[in-house]
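Notes for the one structure printed next.
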Amino acid sequence: MEILYEDNHLIIVNKACSEIVQGDKTGDTTLIDKVKAYIKKKYNKPGEVFLGLVHRLDRPTSGIVIFARTSKALSRMNQIFKDKNIKKIYWAVVDNPPLQESGRLEHYLIKNQKQNKSYAYDRQKANTKQASLSYSLKGRTNKYYLLEIELHTGRHHQIRAQLAKIDLHIKGDLKYGFPRSNPDGGIHLHARKVEFIHPVKKEPLSIVAEPPDDVLWNEFRLK
């Protein structure tokens with residue numbers, strides 16, 4: 001487990017592909033469990049360790065996950081997310097080049113609970129939620145393209161659904177149209193960077209997470 005930042009109020013980690021943040025029907029060990037065990041051991045804490053989940057990251061996605069170590073930090077971080085006073089940057093490796101090297105995508109998303117999948121529409125429909133992101137093309141190889149994405153809203157599978165809508169499919173993402181899965185079950189979508197004001201110290205924080213160590217990510221990293 002890679003710790004990116006830690007103090008008395010927050011702990012921020014770089015989640016691996018296919019690691020689950022919180023419990024589901026699989027019963028697999030969660031990232032929350034691992035972080036709690038780490039805190040308990042490091043600080044020799046008796047009893048139950050408090051750990052508040054500030055936001056979620058899809059299981060196949062890698063990158064930054066923020067946890068709160070106190071209830072005060074959790075409530076303040078929840079407000080930061082609600083007020084959109086946080087900058088969230090992702091990297092995505094896709095199979096096609098975007099029509100423009102940079103731009104903003106505005107769609108309306110609806111979640112299909114049964115399929116655990118979101119669908120993007122150009123116009124508002126019943127039960128849809130507005131979704132917005134900005135992107136720029138940061139690199140290319142013979143077969144793939146690296147996009148840097150800034151999220152302006154936080155919808156279910158937002159990046160995956162919005163990119164698929166414009167015929168850009170994230171490597172390994174079978175659910176949203178890529179033809180093959182990755183060997184590790186992950187996808188090439190990475191929560192790269194967050195910037196916000198610390199909820200207690202009131203100091204600016206900028207946290208960066210390196211993508212997984214694999215051939216394709218490394219190829220882009222070396223460019």
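Ordered as shown in the structure tokens, chains take letters A, B, and onward, while each chain numbers its residues from 1 and ligands are numbered from 1 in the order shown.
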Next item on the list: From segment 1-219 of chain A, collect each residue whose DSSP state is strand (DSSP E or B) and return the set as a ChimeraX atom specification.
Entry: /A:2-6,10-15,20,30,52-53,62-68,86-94,102-112,117-121,129-140,145-151,170,189-197,204-208
Next item on the list: Write out as JSON, numbers by chain each polymer residue whose atoms come within 12 Å of Tyr43 of chain A, counting only C-alpha atoms; drop sequence neighbours fewer than 6 positions from it.
Entry: {"A": [7, 8, 36, 37, 49]}
Same residues, N, CA and C atoms, saved as an mmCIF file, in the first residue's frame:
```cif
data_model
loop_
_atom_site.group_PDB
_atom_site.id
_atom_site.type_symbol
_atom_site.label_atom_id
_atom_site.label_comp_id
_atom_site.auth_asym_id
_atom_site.auth_seq_id
_atom_site.Cartn_x
_atom_site.Cartn_y
_atom_site.Cartn_z
ATOM 1 N N ASP A 7 -1.392 12.667 7.992
ATOM 2 C CA ASP A 7 -1.254 13.472 9.202
ATOM 3 C C ASP A 7 -2.345 13.023 10.185
ATOM 4 N N ASN A 8 -2.611 13.817 11.196
ATOM 5 C CA ASN A 8 -3.603 13.420 12.203
ATOM 6 C C ASN A 8 -5.038 13.477 11.688
ATOM 7 N N LYS A 36 -7.041 0.788 7.824
ATOM 8 C CA LYS A 36 -7.329 0.674 9.264
ATOM 9 C C LYS A 36 -6.267 -0.167 9.964
ATOM 10 N N ALA A 37 -5.903 -1.282 9.355
ATOM 11 C CA ALA A 37 -4.889 -2.162 9.950
ATOM 12 C C ALA A 37 -3.541 -1.444 10.037
ATOM 13 N N VAL A 49 -10.599 1.413 14.900
ATOM 14 C CA VAL A 49 -9.986 2.602 14.307
ATOM 15 C C VAL A 49 -11.034 3.352 13.491
#
```
When DSSP works through the backbone of this structure, what residues of segment 10-187 of chain A end up as alpha helix (DSSP H), shown as a PDB file with C-alpha atoms, in the first residue's frame?
```pdb
ATOM      1  CA  LEU A  31      -8.672  -0.820   0.970  1.00  0.00           C
ATOM      2  CA  ILE A  32     -10.485   0.517   4.055  1.00  0.00           C
ATOM      3  CA  ASP A  33      -9.542  -2.677   5.934  1.00  0.00           C
ATOM      4  CA  LYS A  34      -5.900  -2.327   4.900  1.00  0.00           C
ATOM      5  CA  VAL A  35      -5.662   1.340   5.897  1.00  0.00           C
ATOM      6  CA  LYS A  36      -7.329   0.674   9.264  1.00  0.00           C
ATOM      7  CA  ALA A  37      -4.889  -2.162   9.950  1.00  0.00           C
ATOM      8  CA  TYR A  38      -1.965   0.091   9.000  1.00  0.00           C
ATOM      9  CA  ILE A  39      -3.120   2.873  11.376  1.00  0.00           C
ATOM     10  CA  LYS A  40      -3.826   0.422  14.206  1.00  0.00           C
ATOM     11  CA  LYS A  41      -0.352  -1.093  13.943  1.00  0.00           C
ATOM     12  CA  LYS A  42       1.604   2.128  13.367  1.00  0.00           C
ATOM     13  CA  SER A  71     -15.144  12.861  12.141  1.00  0.00           C
ATOM     14  CA  LYS A  72     -14.341  16.594  11.929  1.00  0.00           C
ATOM     15  CA  ALA A  73     -12.051  16.073   8.935  1.00  0.00           C
ATOM     16  CA  LEU A  74     -14.660  13.816   7.294  1.00  0.00           C
ATOM     17  CA  SER A  75     -17.493  16.358   7.574  1.00  0.00           C
ATOM     18  CA  ARG A  76     -15.247  19.145   6.280  1.00  0.00           C
ATOM     19  CA  MET A  77     -13.958  17.048   3.378  1.00  0.00           C
ATOM     20  CA  ASN A  78     -17.536  16.090   2.488  1.00  0.00           C
ATOM     21  CA  GLN A  79     -18.335  19.800   2.306  1.00  0.00           C
ATOM     22  CA  ILE A  80     -15.275  20.463   0.132  1.00  0.00           C
ATOM     23  CA  PHE A  81     -16.492  17.834  -2.351  1.00  0.00           C
ATOM     24  CA  LYS A  82     -20.074  19.084  -2.193  1.00  0.00           C
ATOM     25  CA  GLN A 158     -18.522   9.442 -15.595  1.00  0.00           C
ATOM     26  CA  ILE A 159     -15.183   9.418 -17.449  1.00  0.00           C
ATOM     27  CA  ARG A 160     -15.753   5.934 -18.832  1.00  0.00           C
ATOM     28  CA  ALA A 161     -19.262   6.732 -20.076  1.00  0.00           C
ATOM     29  CA  GLN A 162     -18.482  10.175 -21.505  1.00  0.00           C
ATOM     30  CA  LEU A 163     -15.394   8.997 -23.386  1.00  0.00           C
ATOM     31  CA  ALA A 164     -17.266   5.984 -24.778  1.00  0.00           C
ATOM     32  CA  LYS A 165     -19.967   8.367 -26.009  1.00  0.00           C
TER      33      LYS A 165
END
```
Item checked: Minimum-distance residue to Gly185 of chain A, chosen among A:Asn44, A:Asn85, A:Thr26, A:Thr61 (using only C-alpha atoms) ->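 Closest to Gly185 of chain A, using only C-alpha atoms: A:Thr61.
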Checklist line | Val208 of chain A surroundings by only C-alpha atoms, 8 Å radius, close-in-sequence under 3 positions cut, as an MDAnalysis selection string | finding: chainID A and resid 4 64 192:194
Take the selection from the previous step and output its residues with C-alpha atoms, as a compact mmCIF listing (two decimals), in the first residue's frame.
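What landed in selection.txt:
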```txt
# COMPACT_ATOMS: atom_id res chain seq x y z
CA LEU A 4 0.92 9.58 -0.48
CA ILE A 64 -5.73 8.65 -5.35
CA ARG A 192 -3.55 11.28 -11.01
CA LYS A 193 -3.80 14.45 -8.93
CA VAL A 194 -5.94 16.31 -6.39
```
Next item on the list: Can you pull out every residue within 12 Å of Tyr144 of chain A, counting only C-alpha atoms, but drop anything in the same chain fewer than 3 positions away, and send it as a list in words?
Entry: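 That gives Ala92, Val93, Val94, Asp95, Asn96, Pro97, Pro98, Leu137, Lys138, Gly139, Arg140, Thr141, Leu147, Leu168, His169, Ile170, Lys171, Gly172, His188, Leu216, Trp217, Glu219 and Phe220 of chain A.
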Notebook entry, point to check: If we count only C-alpha atoms, what is near Arg123 of chain A at a cut-off of 10 Å, once residues fewer than 6 positions away on the same chain are taken out, given as a ChimeraX atom specification?
Noted result: /A:106-109,130
Please produce a file of those selected residues containing C-alpha atoms, as a JSON list (two decimals), in the first residue's frame.
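Contents of the output file part_16.json:
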```
[["chain", "number", "residue", "atom", "x", "y", "z"],
["A", 106, "GLU", "CA", -21.06, 18.00, -21.53],
["A", 107, "HIS", "CA", -23.50, 15.11, -21.32],
["A", 108, "TYR", "CA", -26.45, 13.84, -19.32],
["A", 109, "LEU", "CA", -25.86, 10.52, -17.57],
["A", 130, "GLN", "CA", -25.57, 16.62, -15.91]]
```
Notebook entry, point to check: With only C-alpha atoms as the atoms that count, which of A:Asn14, A:Lys25, A:Lys45, A:Pro183 lies nearest to Ser62 of chain A?
Noted result: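 Counting only C-alpha atoms, the residue closest to Ser62 of chain A is A:Asn14.
Restricting the calculation to only C-alpha atoms, the smallest distance between Ile166 of chain A and any of A:Pro179, A:Pro60, A:Pro199, A:Gly103 is found for A:Gly103.
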Next item on the list: Measure the distance from atom CA of Ser18 of chain A to atom CA of Thr30 of chain A in Å and round it to one decimal.
Entry: 10.5 Å
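You can rank A:Ile66, A:Ile11, A:Ile89, A:Ile110 by their closest distance to Ala126 of chain A using only C-alpha atoms, and at the top of that list sits A:Ile110.
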Notebook entry, point to check: So which one's closest to Ala68 of chain A, A:Asn127, A:Ser181, A:Lys88, A:His198? Using only C-alpha atoms, please.
Noted result: A:His198
